[in-house]
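Student: What follows is a single structure, and I will ask about it in a moment.
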Amino acid sequence: MFSRGREYTESLPWVEKYRPSSLEEIEGQGWIVASLQSFAKKRKIPHMIFSGPAGTGKTSCAVAFVKDILGQNFSSELILELNASDNVRMNTVRNEIKSFSITQNISLPPDTLKFVILDEADNIPKDPQHALRRIIERSPPNVRFLLMCNYENRLIDPLLSRCALFRFSPLPKEIVLNKLRDIAIKEDLNLPQNTFEVLYLISMGDLRKAINFLQIFSQLDTNDTSGLYEIAGYLNPKNFSEFADEVLKSNFQKSVNVLQRDFHFSGRNFLYQLLDWILTSQSIPIENISNILEGIGVIDFRLTLGSDMALQLESLVALLCENVREKNLNE
Ligand SMILES: Nc1ncnc2c1ncn2[C@@H]1O[C@H](COP(=O)(O)OP(=O)(O)OP(=O)(O)O)[C@@H](O)[C@H]1O
Ligand SMILES: [Mg+2]
């Protein structure tokens, strides 16, 4: 995560190669960046939690902040970086984190700042979270904890109340498009015109996803951006519009046939495409939209529980055909 030589950088995936290396390079999180810059300047730094959707800059901000603060003094001895997905359990909290926070390097001034960076902290089970809270309370005054998570409601209240909470927002479209254009220029890519728009649509504000798909697409020998939908697990737009036409004719069997022909997409992504269509289509009776949205919510819930995707989507198609029928009958 912290930088090395030029050759090493060239071989990195683009999400790492273009990770901001200082707070100034963080885009779209205006007041958060301004607060962090002010903490760095005044050297008054609270323990912090960065929370928010994936790919919006939480880890990048934490890393850039620590780099900005430590500057010339930067050394791996002063940073303990752990990812809770790699098993941050009671032993890690009691042994690794505790011993890092209480150990003082006698060759450094005692007020030298040290950082514990805990990524994906919402994956830490509740008991180790309680142990962590005690360690934070008892840590020496030169140790700061930076926790990152997607869902702050999975962190226990005593942790939340001991840290300054920064909520990251999904990145606006213009920022995602600019970042992608910038990478395309630096990598000397020659891409079809609508590539960045499609990348934005399929990544929904997650810049990591957008950059990863850009890198994959740039390595394919094609100019057809509709392939991007398939790579990202969406229904191809051509097939989606065929599906929508059949639904509008209340033709259950033909609608299902279109889905079955192209059954590589993710159920959840299909629900997002459907939602977008329902909310923008003029052809669906307005009084039935709430029924349909409720149906989409139920199917989404069942899919997250692991229900059979084909069965669930077929029941949703039945609901859709039912809810456009009134309009067809009235015409
Ligand atoms: N606000 C941003 N400004 C500039 N680049 C960004 C920003 N957000 C994300 N990126 C780009 O996306 C990549 C991933 O960002 P990062 O790891 O900081 O996301 P995250 O919020 O920590 O996501 P997750 O919740 O999945 O851990 C970075 O390497 C960087 O290239
Ligand atoms: Mg992260």
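Going by the structure tokens order, chains are called A, B, ..., each with residues numbered from 1, while ligands are numbered from 1 in the order shown.
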Find the residues near Glu314 (chain A): any atom within 10 Å, counting only C-alpha atoms, skip ones fewer than 2 places away on the same chain, and give them as a PyMOL selection string.
Tutor: chain A and resi 252-253+255-256+259-260+309-312+316-320
Student: Could you dump the residues just selected with all heavy atoms as a tab-separated table (two decimals), in the first residue's frame?
Tutor:
chain	number	residue	atom	x	y	z
A	252	PHE	N	-45.29	-13.27	-20.73
A	252	PHE	CA	-44.45	-13.88	-19.69
A	252	PHE	C	-43.39	-14.83	-20.29
A	252	PHE	O	-42.21	-14.70	-20.01
A	252	PHE	CB	-45.34	-14.64	-18.69
A	252	PHE	CG	-44.56	-15.45	-17.69
A	252	PHE	CD1	-43.95	-14.84	-16.61
A	252	PHE	CD2	-44.41	-16.83	-17.86
A	252	PHE	CE1	-43.21	-15.58	-15.70
A	252	PHE	CE2	-43.66	-17.57	-16.96
A	252	PHE	CZ	-43.07	-16.94	-15.88
A	253	GLN	N	-43.86	-15.78	-21.14
A	253	GLN	CA	-42.94	-16.81	-21.62
A	253	GLN	C	-41.79	-16.22	-22.44
A	253	GLN	O	-40.63	-16.56	-22.23
A	253	GLN	CB	-43.70	-17.86	-22.45
A	253	GLN	CG	-42.89	-19.13	-22.67
A	253	GLN	CD	-42.33	-19.71	-21.36
A	253	GLN	OE1	-43.07	-19.95	-20.41
A	253	GLN	NE2	-41.01	-19.89	-21.28
A	255	SER	N	-40.62	-13.16	-22.29
A	255	SER	CA	-39.73	-12.38	-21.41
A	255	SER	C	-38.73	-13.30	-20.71
A	255	SER	O	-37.54	-13.02	-20.66
A	255	SER	CB	-40.53	-11.64	-20.32
A	255	SER	OG	-41.63	-11.00	-20.85
A	256	VAL	N	-39.26	-14.41	-20.19
A	256	VAL	CA	-38.38	-15.36	-19.50
A	256	VAL	C	-37.37	-15.95	-20.48
A	256	VAL	O	-36.19	-16.13	-20.14
A	256	VAL	CB	-39.23	-16.47	-18.82
A	256	VAL	CG1	-38.35	-17.61	-18.35
A	256	VAL	CG2	-40.01	-15.89	-17.66
A	259	LEU	N	-34.36	-13.79	-20.85
A	259	LEU	CA	-33.44	-13.89	-19.70
A	259	LEU	C	-32.65	-15.19	-19.75
A	259	LEU	O	-31.45	-15.22	-19.51
A	259	LEU	CB	-34.22	-13.83	-18.38
A	259	LEU	CG	-34.94	-12.52	-18.06
A	259	LEU	CD1	-35.49	-12.55	-16.65
A	259	LEU	CD2	-34.00	-11.34	-18.21
A	260	GLN	N	-33.35	-16.28	-20.08
A	260	GLN	CA	-32.67	-17.59	-20.06
A	260	GLN	C	-31.59	-17.69	-21.14
A	260	GLN	O	-30.60	-18.39	-20.96
A	260	GLN	CB	-33.70	-18.70	-20.25
A	260	GLN	CG	-34.46	-18.95	-18.96
A	260	GLN	CD	-35.59	-19.93	-19.11
A	260	GLN	OE1	-36.00	-20.22	-20.25
A	260	GLN	NE2	-36.12	-20.42	-18.01
A	309	MET	N	-31.84	-18.11	-8.18
A	309	MET	CA	-32.00	-16.87	-8.96
A	309	MET	C	-33.05	-17.03	-10.06
A	309	MET	O	-33.92	-16.17	-10.25
A	309	MET	CB	-30.66	-16.46	-9.56
A	309	MET	CG	-30.72	-15.20	-10.36
A	309	MET	SD	-29.07	-14.69	-10.81
A	309	MET	CE	-29.19	-14.64	-12.56
A	310	ALA	N	-33.02	-18.16	-10.78
A	310	ALA	CA	-33.95	-18.33	-11.91
A	310	ALA	C	-35.39	-18.28	-11.40
A	310	ALA	O	-36.24	-17.56	-11.96
A	310	ALA	CB	-33.66	-19.65	-12.61
A	311	LEU	N	-35.66	-19.01	-10.31
A	311	LEU	CA	-37.04	-19.03	-9.79
A	311	LEU	C	-37.48	-17.64	-9.34
A	311	LEU	O	-38.59	-17.19	-9.63
A	311	LEU	CB	-37.10	-19.95	-8.57
A	311	LEU	CG	-37.28	-21.43	-8.86
A	311	LEU	CD1	-37.30	-22.22	-7.55
A	311	LEU	CD2	-38.57	-21.64	-9.62
A	312	GLN	N	-36.58	-16.95	-8.64
A	312	GLN	CA	-36.94	-15.62	-8.12
A	312	GLN	C	-37.21	-14.64	-9.25
A	312	GLN	O	-38.16	-13.87	-9.21
A	312	GLN	CB	-35.82	-15.08	-7.21
A	312	GLN	CG	-35.62	-15.86	-5.92
A	312	GLN	CD	-36.92	-15.97	-5.14
A	312	GLN	OE1	-37.68	-15.02	-5.04
A	312	GLN	NE2	-37.18	-17.15	-4.61
A	316	LEU	N	-40.61	-12.59	-10.42
A	316	LEU	CA	-40.64	-11.13	-10.62
A	316	LEU	C	-41.19	-10.78	-12.00
A	316	LEU	O	-41.96	-9.83	-12.17
A	316	LEU	CB	-39.22	-10.57	-10.45
A	316	LEU	CG	-39.08	-9.07	-10.47
A	316	LEU	CD1	-39.94	-8.40	-9.41
A	316	LEU	CD2	-37.62	-8.65	-10.24
A	317	VAL	N	-40.82	-11.58	-13.00
A	317	VAL	CA	-41.34	-11.34	-14.36
A	317	VAL	C	-42.87	-11.48	-14.35
A	317	VAL	O	-43.59	-10.69	-14.97
A	317	VAL	CB	-40.70	-12.31	-15.38
A	317	VAL	CG1	-41.34	-12.14	-16.75
A	317	VAL	CG2	-39.20	-12.07	-15.47
A	318	ALA	N	-43.37	-12.50	-13.62
A	318	ALA	CA	-44.83	-12.69	-13.53
A	318	ALA	C	-45.48	-11.44	-12.93
A	318	ALA	O	-46.50	-10.94	-13.44
A	318	ALA	CB	-45.14	-13.91	-12.67
A	319	LEU	N	-44.85	-10.91	-11.89
A	319	LEU	CA	-45.38	-9.69	-11.24
A	319	LEU	C	-45.37	-8.51	-12.22
A	319	LEU	O	-46.34	-7.74	-12.31
A	319	LEU	CB	-44.55	-9.37	-10.00
A	319	LEU	CG	-44.96	-8.12	-9.25
A	319	LEU	CD1	-46.04	-8.45	-8.23
A	319	LEU	CD2	-43.77	-7.49	-8.52
A	320	LEU	N	-44.28	-8.39	-12.97
A	320	LEU	CA	-44.17	-7.29	-13.94
A	320	LEU	C	-45.26	-7.40	-14.99
A	320	LEU	O	-45.95	-6.42	-15.30
A	320	LEU	CB	-42.80	-7.32	-14.63
A	320	LEU	CG	-41.59	-6.88	-13.81
A	320	LEU	CD1	-40.30	-7.26	-14.52
A	320	LEU	CD2	-41.63	-5.38	-13.60
Student: Within 8 Å of ligand 1, which residues show up when you count only C-alpha atoms and all ligand atoms? List them as a PyMOL selection string, please.
Tutor: chain A and resi 14-20+25-29+51-61+119-120+148-150+168+171+179+206-209+211
Student: Please report, as JSON lines, each residue of region 192-242 of chain A lying at most 12 Å from region 275-283 of chain A, together with the nearest pair of atoms and the separation in Å rounded to one decimal; use only C-alpha atoms, and order rows by chain and ascending residue number.
Tutor:
{"residue": "A:Leu201", "atom": "CA", "partner": "A:Asp276", "partner_atom": "CA", "distance": 10.6}
{"residue": "A:Met204", "atom": "CA", "partner": "A:Asp276", "partner_atom": "CA", "distance": 12.0}
{"residue": "A:Pro237", "atom": "CA", "partner": "A:Trp277", "partner_atom": "CA", "distance": 11.2}
{"residue": "A:Phe240", "atom": "CA", "partner": "A:Trp277", "partner_atom": "CA", "distance": 9.5}
{"residue": "A:Ser241", "atom": "CA", "partner": "A:Trp277", "partner_atom": "CA", "distance": 9.4}
Student: Just checking: using only C-alpha atoms and all ligand atoms, which residue out of A:Glu24, A:Asp221, A:Asp308, A:Glu81 ends up closest to ligand 2?
Tutor: A:Glu81
Student: Fewer than 4 positions away in the same chain doesn't count, so skip those; otherwise give me all residues within 12 Å of Asp182 (chain A), counting only C-alpha atoms, as a PyMOL selection string.
Tutor: chain A and resi 14+18+175-178+186-189+196+211+214
Student: Quick one: write out the picked residues with N, CA and C atoms as a PDB file, in the first residue's frame?
Tutor:
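Here's the written file part_6.pdb:
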ATOM      1  N   TRP A  14      -4.040  -0.926 -12.024  1.00  0.00           N
ATOM      2  CA  TRP A  14      -4.229   0.524 -12.092  1.00  0.00           C
ATOM      3  C   TRP A  14      -4.833   1.118 -10.816  1.00  0.00           C
ATOM      4  N   TYR A  18      -2.771   4.222  -9.554  1.00  0.00           N
ATOM      5  CA  TYR A  18      -3.359   5.571  -9.512  1.00  0.00           C
ATOM      6  C   TYR A  18      -4.004   5.883  -8.166  1.00  0.00           C
ATOM      7  N   ILE A 175     -16.741  13.372 -11.360  1.00  0.00           N
ATOM      8  CA  ILE A 175     -15.434  13.016 -10.782  1.00  0.00           C
ATOM      9  C   ILE A 175     -14.972  11.651 -11.293  1.00  0.00           C
ATOM     10  N   VAL A 176     -15.915  10.711 -11.354  1.00  0.00           N
ATOM     11  CA  VAL A 176     -15.554   9.378 -11.864  1.00  0.00           C
ATOM     12  C   VAL A 176     -15.108   9.499 -13.323  1.00  0.00           C
ATOM     13  N   LEU A 177     -15.883  10.243 -14.123  1.00  0.00           N
ATOM     14  CA  LEU A 177     -15.528  10.372 -15.544  1.00  0.00           C
ATOM     15  C   LEU A 177     -14.163  11.042 -15.714  1.00  0.00           C
ATOM     16  N   ASN A 178     -13.917  12.089 -14.930  1.00  0.00           N
ATOM     17  CA  ASN A 178     -12.622  12.785 -15.058  1.00  0.00           C
ATOM     18  C   ASN A 178     -11.452  11.889 -14.704  1.00  0.00           C
ATOM     19  N   LYS A 186      -3.108   8.982 -19.531  1.00  0.00           N
ATOM     20  CA  LYS A 186      -1.783   8.549 -19.064  1.00  0.00           C
ATOM     21  C   LYS A 186      -1.395   7.186 -19.637  1.00  0.00           C
ATOM     22  N   GLU A 187      -2.377   6.324 -19.865  1.00  0.00           N
ATOM     23  CA  GLU A 187      -2.071   4.983 -20.388  1.00  0.00           C
ATOM     24  C   GLU A 187      -2.130   4.962 -21.920  1.00  0.00           C
ATOM     25  N   ASP A 188      -2.392   6.149 -22.511  1.00  0.00           N
ATOM     26  CA  ASP A 188      -2.424   6.275 -23.960  1.00  0.00           C
ATOM     27  C   ASP A 188      -3.446   5.317 -24.596  1.00  0.00           C
ATOM     28  N   LEU A 189      -4.667   5.346 -24.075  1.00  0.00           N
ATOM     29  CA  LEU A 189      -5.711   4.445 -24.575  1.00  0.00           C
ATOM     30  C   LEU A 189      -6.537   5.146 -25.649  1.00  0.00           C
ATOM     31  N   PHE A 196     -16.607   5.718 -21.041  1.00  0.00           N
ATOM     32  CA  PHE A 196     -16.590   6.207 -19.660  1.00  0.00           C
ATOM     33  C   PHE A 196     -17.996   6.249 -19.062  1.00  0.00           C
ATOM     34  N   ILE A 211     -12.254   1.666 -12.392  1.00  0.00           N
ATOM     35  CA  ILE A 211     -10.862   1.598 -12.880  1.00  0.00           C
ATOM     36  C   ILE A 211     -10.509   0.159 -13.267  1.00  0.00           C
ATOM     37  N   LEU A 214     -12.046  -0.579 -16.542  1.00  0.00           N
ATOM     38  CA  LEU A 214     -11.321   0.141 -17.603  1.00  0.00           C
ATOM     39  C   LEU A 214     -10.078  -0.654 -18.002  1.00  0.00           C
TER      40      LEU A 214
END
